[in-house]
4 protein chains.
Amino acid sequence: MENNKLSFSSDYMEGAHPQILESLVETNMVQTAGYGLDEFSESAKAKIREACSTPDADIFFLVGGTQTNATMIDAMLRSYQGVIAAETGHISVHEAGAIEFGGHKVLQMPHYDGKLRAADIQSCVECYWQDANHDHMVMPGMVYISQPTEFGTLYSKDELRSISEVCRANNIPLYLDGARMAYALACPENDVTLKDIGALCDAFYIGGTKCGALFGEAVVIPRHNYIPHLFTIIKQHGALLAKGRLCGIQFETLFTDGLYEKLGRRGIKTAEIIRESLANKGYEFAIETPTNQIFIVLDDRKAEELSRFVELGFWERLDEHHVVMRIATSWATQDKDVNKLIELL
Amino acid sequence: MENNKLSFSSDYMEGAHPQILESLVETNMVQTAGYGLDEFSESAKAKIREACSTPDADIFFLVGGTQTNATMIDAMLRSYQGVIAAETGHISVHEAGAIEFGGHKVLQMPHYDGKLRAADIQSCVECYWQDANHDHMVMPGMVYISQPTEFGTLYSKDELRSISEVCRANNIPLYLDGARMAYALACPENDVTLKDIGALCDAFYIGGTKCGALFGEAVVIPRHNYIPHLFTIIKQHGALLAKGRLCGIQFETLFTDGLYEKLGRRGIKTAEIIRESLANKGYEFAIETPTNQIFIVLDDRKAEELSRFVELGFWERLDEHHVVMRIATSWATQDKDVNKLIELL
Amino acid sequence: MENNKLSFSSDYMEGAHPQILESLVETNMVQTAGYGLDEFSESAKAKIREACSTPDADIFFLVGGTQTNATMIDAMLRSYQGVIAAETGHISVHEAGAIEFGGHKVLQMPHYDGKLRAADIQSCVECYWQDANHDHMVMPGMVYISQPTEFGTLYSKDELRSISEVCRANNIPLYLDGARMAYALACPENDVTLKDIGALCDAFYIGGTKCGALFGEAVVIPRHNYIPHLFTIIKQHGALLAKGRLCGIQFETLFTDGLYEKLGRRGIKTAEIIRESLANKGYEFAIETPTNQIFIVLDDRKAEELSRFVELGFWERLDEHHVVMRIATSWATQDKDVNKLIELL
Amino acid sequence: MENNKLSFSSDYMEGAHPQILESLVETNMVQTAGYGLDEFSESAKAKIREACSTPDADIFFLVGGTQTNATMIDAMLRSYQGVIAAETGHISVHEAGAIEFGGHKVLQMPHYDGKLRAADIQSCVECYWQDANHDHMVMPGMVYISQPTEFGTLYSKDELRSISEVCRANNIPLYLDGARMAYALACPENDVTLKDIGALCDAFYIGGTKCGALFGEAVVIPRHNYIPHLFTIIKQHGALLAKGRLCGIQFETLFTDGLYEKLGRRGIKTAEIIRESLANKGYEFAIETPTNQIFIVLDDRKAEELSRFVELGFWERLDEHHVVMRIATSWATQDKDVNKLIELL
């Protein structure tokens, strides 16, 4: 089962950070209640509440990102509402219609390096209400953003605040997908803390799957009971883990002694080294990204050549002779692999 | 985090069998593709195919039982069809409407100690087609059964064959929920093997969550490509695990050297000891069950007294002065706890 | 296109009462706004509000019964709730899963000649909330009844009041399907007026299709804005009629000079004549019904013989040699046809 | 109830063409079976089959356009598929999320005066299948177009054939929304006949509501049993009219002696007169349209001035000082009103 080829194709190729496995092993035979009603989960929730400065937050642990988005968006929308998202958002493209399966339209909007703009959201909501036929249309009922975005870019605190203000002024909730949150938090360019997110969003999740856990996403809803009966909604979506403690134990570990951000820093640091080396060698970046995803333009010959030694993620064909490839680092990226990659490039 | 009180309240109170944790630790830093496209999953599938004598089977790993039922039932039904199930079936009662969320009616039928009867299924299907108004009704599109049932009872091979015959004669698929399959397979009274199930069902799942794994259910579809695009359907249901290897590694371990059945036997053996002791002490059983769930009738005083020392599962109120309580054993049940329980009873 | 055979098979075999056609012809070339925003609809709503003593009621006109039930039930339930209904209710049996298509479970309960009992509803709701696992179950979110029922029986005012009290005590809305309301209102045994229904229900519809209109059902929601954005929900369900005026004109006519109840009386009077004659001739009734549906027991030979001369509705097979057949009268039933039927019987 | 103000705001402001009302009056007391199983519907179907040269076609009558689109699209797609449509298509914008309510994504694509291009469809399908992650995406499962489009434009026969060829080459069905079909058929610029549509589409509907009927849309599925159990699907969507004969009688009338196209010609002729007059007076057209919808650019003052005397449809704001208004003619447009409008302009 050895995998000799170098791989930078995604940030979920390994299991979990060893400390997480240790915690699972240590607690393995402790008997607990199921469905997240255990003490490990309670402890993890307390630590997350503190990290986010949201003392009254309801917190639920789900297993994966698409599941979390589909469950939360269905939970937050009324049946006749849709969710505003960038046309490049994960829910717009890569969730196999999970939002529509729940009966809701994704109101896709233009993106700027993967980000929505507050002004566009305001304009979308205004257009809806000013349209004489709006009763025949899908009502914008919430906003979905991701931090970092699917393009590896970051909302600045100003941008996030503007979006939050537009949402609050229009009385529609703001939901943030933090699948790769650790890499945002650890990024020098980032000025948005968990506390900011806790203050500016109505619901968000802190990603575990791509940030050192085996799996698991921690949903944070700053206002207690903002979404009544969410437990049942989670169950109805098939998203309730019997042994909820598994998420509890993992997030307890991630949010002890700063492990979550430490893991993020590893991903960021290795990305920075690779990015600098690429720049020095004259590679062209398709998008400027400060996080753990790097998008480079390669001509077909170079791409083919590289593919013999290293797996990268295919992003898109740029033109007849060039493609965009993604290099993803993570908490698990090894120095030796970074060095090998740089040699190859 | 010590839990001093004895607990027999369910079969998912611990983590996983230590061998499973070992496998996860050993393989932790191996890099693999996501979404179940890894070598561990391939190996696990091969072993399950062999165990079920279904060489062409499509196999998918999902995370939990409700998720698996909701996804598979939606995948197997056309939009205008419903699923026949016992009124006591898990999908009828305890899945928070997950089947209806997918747009399908559960056609609830009478149960006999938790089991459906072939003749009732035949009659349901006949009634539908003979009804002059059947075009205005929900068409029975598949049959859902569980082995063991929610009541801990078992279908005999004859019963299962009869149901399968009715299904095939009427051209509707048979789906079997094996959340606690290990305890059926390990039960002396049982005469239904995985091979039988592979031959008689159109789809079924082998439960991991309650049978020694951290989580995970292995869906087996004996005929290749019987459900086209199931991968996408799983994704659409939020049921696709990013690190699919986690299920692969766990089922690989469970299906190596007979571990799965060995774990089942532990649950059955401890249940037998408790059952015999209960019988000797004159306790009344609410249902005769040969598997790892025992249902006893207690008067309120006894129930209250016991509850101070041991957690049992509340099943139902029988009359003004009596309740039915469930004792569940599992792969993790300790001899010392069994002895303590027997002393208490 | 002559139909020489006598038919009592249903109450929607003709077009509309001639006065309704006259109204449609007279107003045909008047230009109005669409979607029910016209003056005819406004006038009809005003008359219905008065008839029901619900001055603040929101009123919407939909086209047919299944559509109305599916739309209203989806509009009144939260995503995780189900609707309590008799197992014989139209939504339980004859709507092809339209409620489940909207994502909701029909919580089917025992019936008494087609009726629900207040005590059973109370018990269902209590059982849910007392069940330790209720968070894993479908929450009872509203109650569906029909007046007259699918069996032609009537709730008395006392029965309706009891059900309403249970609903209000438990804070779940009561919805009444009045597809054949005219025949209830015109029935001597009936003591439930539109005003009673307006006072005791949270939403209900007054049926047009089976009571003299070409089509159309008038939904009445006594409390203004009780269901926000219902217009959009109706549109989303494909239930918004472009020329909403057609319903407006029809209900305007039905609720002018007591036409609606007059049409009901025709159906009731002819049913009474047939019922009396059947009793005199010694026929056995399968159910005692005071409205426009009569259910008689026939042996197979008699049923076959009759079927050569008159179409009746097949209801169910009673035993090996007997069937239950339905005789339905309506606003359109002719005296001569009643006489011919009596001769035949 | 007189409406003194001139109105060209839509093509569904009146009742029905008088011949249709006459047919309804004449047949009113004939007793028929319900749900479209009557002789009038049979006769109408036969005439439509002949008009479309589709001798084996399954034909169903539904009530309105959104209902028909939502039902047919749900019937034609598998659960994991979406429908390709122009971003300006009725289903993309003005159906309140009815397609998503059924669980399907509308895959919105760029439009050219309201039309899709065959090359874009081909490219969308290719992109899907070539994307390495397509299993995580919504599969394009059918194509939705309208003739005339929502912009009043027409597909030429060449354009329709190209789209049909792309669909057939990719094995995805083509569905055509013919809400205003009469105005396409009657248009001198049009070269697409019902026979062409019958040959090139897999399902389509011929609109009644906007083309002279009280209501009703005739769904034509050229290949018999192409969509099994469509009757039940229609019922499940709340779209089955109890007195199906009403659609049968109306379409029987419309398809006798060329009435349908005659009504179309009235709408086209009046539109032509208005269009010519507008051109002479120097008005600017926002889109070149050959059918019964005219889109003109007005400055705000002119728009305000006109609005005192004539109702037009508001289309969109063009810039700070100009709006686009829609003038719609129909089968019911009177010469005197056309003259008055021209005077006003």
# chains A, B, ... in the order shown; residues from 1 in each chain; ligands from 1

$ select_by_dssp --residues "stretch 171-302 of chain A" --states "strand (DSSP E)" --output "number ranges by chain"
A: 174-178, 203-207, 217-221, 284-287, 293-299

$ residues_around --residues "A:Ser330" --least-positions-apart "6" --cutoff "7 Å" --atoms "only C-alpha atoms" --output "PyMOL selection string"
chain A and resi 11+266-267+292

$ write_last_selection --atoms "N, CA, C and O atoms" --output "JSON list (two decimals), in the first residue's frame"
[["chain", "number", "residue", "atom", "x", "y", "z"],
["A", 11, "ASP", "N", -6.02, 18.19, 0.32],
["A", 11, "ASP", "CA", -5.66, 18.30, 1.73],
["A", 11, "ASP", "C", -6.42, 17.31, 2.61],
["A", 11, "ASP", "O", -6.64, 17.54, 3.79],
["A", 266, "ARG", "N", 1.20, 24.82, 9.69],
["A", 266, "ARG", "CA", 2.02, 23.88, 8.92],
["A", 266, "ARG", "C", 1.62, 23.95, 7.43],
["A", 266, "ARG", "O", 2.49, 24.03, 6.56],
["A", 267, "GLY", "N", 0.34, 23.93, 7.18],
["A", 267, "GLY", "CA", -0.14, 24.01, 5.80],
["A", 267, "GLY", "C", 0.26, 25.32, 5.14],
["A", 267, "GLY", "O", 0.66, 25.37, 3.97],
["A", 292, "ASN", "N", -3.53, 27.65, 1.67],
["A", 292, "ASN", "CA", -2.83, 26.40, 1.38],
["A", 292, "ASN", "C", -3.12, 25.82, -0.01],
["A", 292, "ASN", "O", -2.80, 24.68, -0.28]]

$ interface_residues --of "chain D" --to "chain C" --cutoff "6 Å" --atoms "only C-alpha atoms" --output "CSV table (one decimal) with N, CA, C and O atoms, in the first residue's frame"
chain,number,residue,atom,x,y,z
D,13,MET,N,-55.7,38.4,-19.9
D,13,MET,CA,-56.6,39.3,-19.1
D,13,MET,C,-58.1,39.0,-19.3
D,13,MET,O,-58.9,39.5,-18.5
D,14,GLU,N,-58.4,38.2,-20.4
D,14,GLU,CA,-59.8,37.9,-20.6
D,14,GLU,C,-60.1,36.5,-20.2
D,14,GLU,O,-59.2,35.7,-19.8
D,15,GLY,N,-61.4,36.0,-20.4
D,15,GLY,CA,-61.7,34.7,-20.2
D,15,GLY,C,-61.2,33.8,-21.3
D,15,GLY,O,-60.0,33.5,-21.4
D,28,ASN,N,-72.3,20.7,-21.1
D,28,ASN,CA,-72.2,20.9,-19.6
D,28,ASN,C,-72.8,19.7,-18.8
D,28,ASN,O,-72.3,19.3,-17.8
D,29,MET,N,-74.0,19.2,-19.2
D,29,MET,CA,-74.7,18.2,-18.4
D,29,MET,C,-74.4,16.8,-18.9
D,29,MET,O,-74.9,15.8,-18.3
D,30,VAL,N,-73.5,16.6,-19.9
D,30,VAL,CA,-73.1,15.3,-20.3
D,30,VAL,C,-72.3,14.7,-19.1
D,30,VAL,O,-71.4,15.4,-18.6
D,31,GLN,N,-72.6,13.5,-18.7
D,31,GLN,CA,-71.8,12.8,-17.7
D,31,GLN,C,-70.6,12.1,-18.3
D,31,GLN,O,-70.8,11.4,-19.2
D,32,THR,N,-69.5,12.3,-17.6
D,32,THR,CA,-68.3,11.6,-18.1
D,32,THR,C,-67.5,11.2,-16.9
D,32,THR,O,-67.7,11.6,-15.8
D,66,THR,N,-46.5,26.8,-15.1
D,66,THR,CA,-45.5,26.4,-14.1
D,66,THR,C,-45.8,25.0,-13.6
D,66,THR,O,-44.8,24.2,-13.5
D,67,GLN,N,-47.0,24.6,-13.4
D,67,GLN,CA,-47.4,23.3,-13.0
D,67,GLN,C,-46.9,22.3,-14.1
D,67,GLN,O,-46.4,21.2,-13.7
D,96,ALA,N,-40.9,30.6,-9.0
D,96,ALA,CA,-40.8,30.5,-7.6
D,96,ALA,C,-40.1,29.3,-7.0
D,96,ALA,O,-40.4,28.8,-5.9
D,97,GLY,N,-39.2,28.8,-7.8
D,97,GLY,CA,-38.4,27.6,-7.4
D,97,GLY,C,-39.1,26.3,-7.5
D,97,GLY,O,-38.8,25.4,-6.7
D,98,ALA,N,-40.1,26.3,-8.4
D,98,ALA,CA,-40.9,25.0,-8.5
D,98,ALA,C,-40.1,23.8,-8.9
D,98,ALA,O,-40.3,22.7,-8.5
D,236,GLN,N,-49.5,13.1,-8.1
D,236,GLN,CA,-48.6,13.4,-7.0
D,236,GLN,C,-48.2,14.9,-7.0
D,236,GLN,O,-48.0,15.5,-5.9
D,238,GLY,N,-50.2,17.2,-7.7
D,238,GLY,CA,-51.4,18.0,-7.5
D,238,GLY,C,-51.9,18.6,-8.8
D,238,GLY,O,-52.6,19.7,-8.8

$ atom_distance --atom1 "atom CA of B:Thr153" --atom2 "atom CA of B:Val310"
24.1 Å

$ residues_around --residues "A:Gln147" --least-positions-apart "6" --cutoff "8 Å" --atoms "only C-alpha atoms" --output "ChimeraX atom specification"
/A:153-155,176-181,184

$ atom_distance --atom1 "atom CA of A:Thr289" --atom2 "atom CA of A:Lys157"
16.4 Å

$ select_by_dssp --residues "stretch 127-320 of chain D" --states "helix (DSSP H, G or I)" --output "PyMOL selection string"
chain D and resi 127-130+134-136+157-170+181-185+194-200+230-236+245-254+259-280+300-307

$ atom_distance --atom1 "atom CA of D:Lys105" --atom2 "atom CA of A:Ser92"
9.6 Å

$ residues_around --residues "B:Asn225" --least-positions-apart "4" --cutoff "9 Å" --atoms "only C-alpha atoms" --output "list in words"
Ala57, Asp58, Ile221, His229 and Leu230 of chain B

$ residues_around --residues "stretch 301-308 of chain A" --least-positions-apart "5" --cutoff "12 Å" --atoms "only C-alpha atoms" --output "number ranges by chain"
A: 4-9, 283, 296, 313-315, 317, 320-327, 340-345
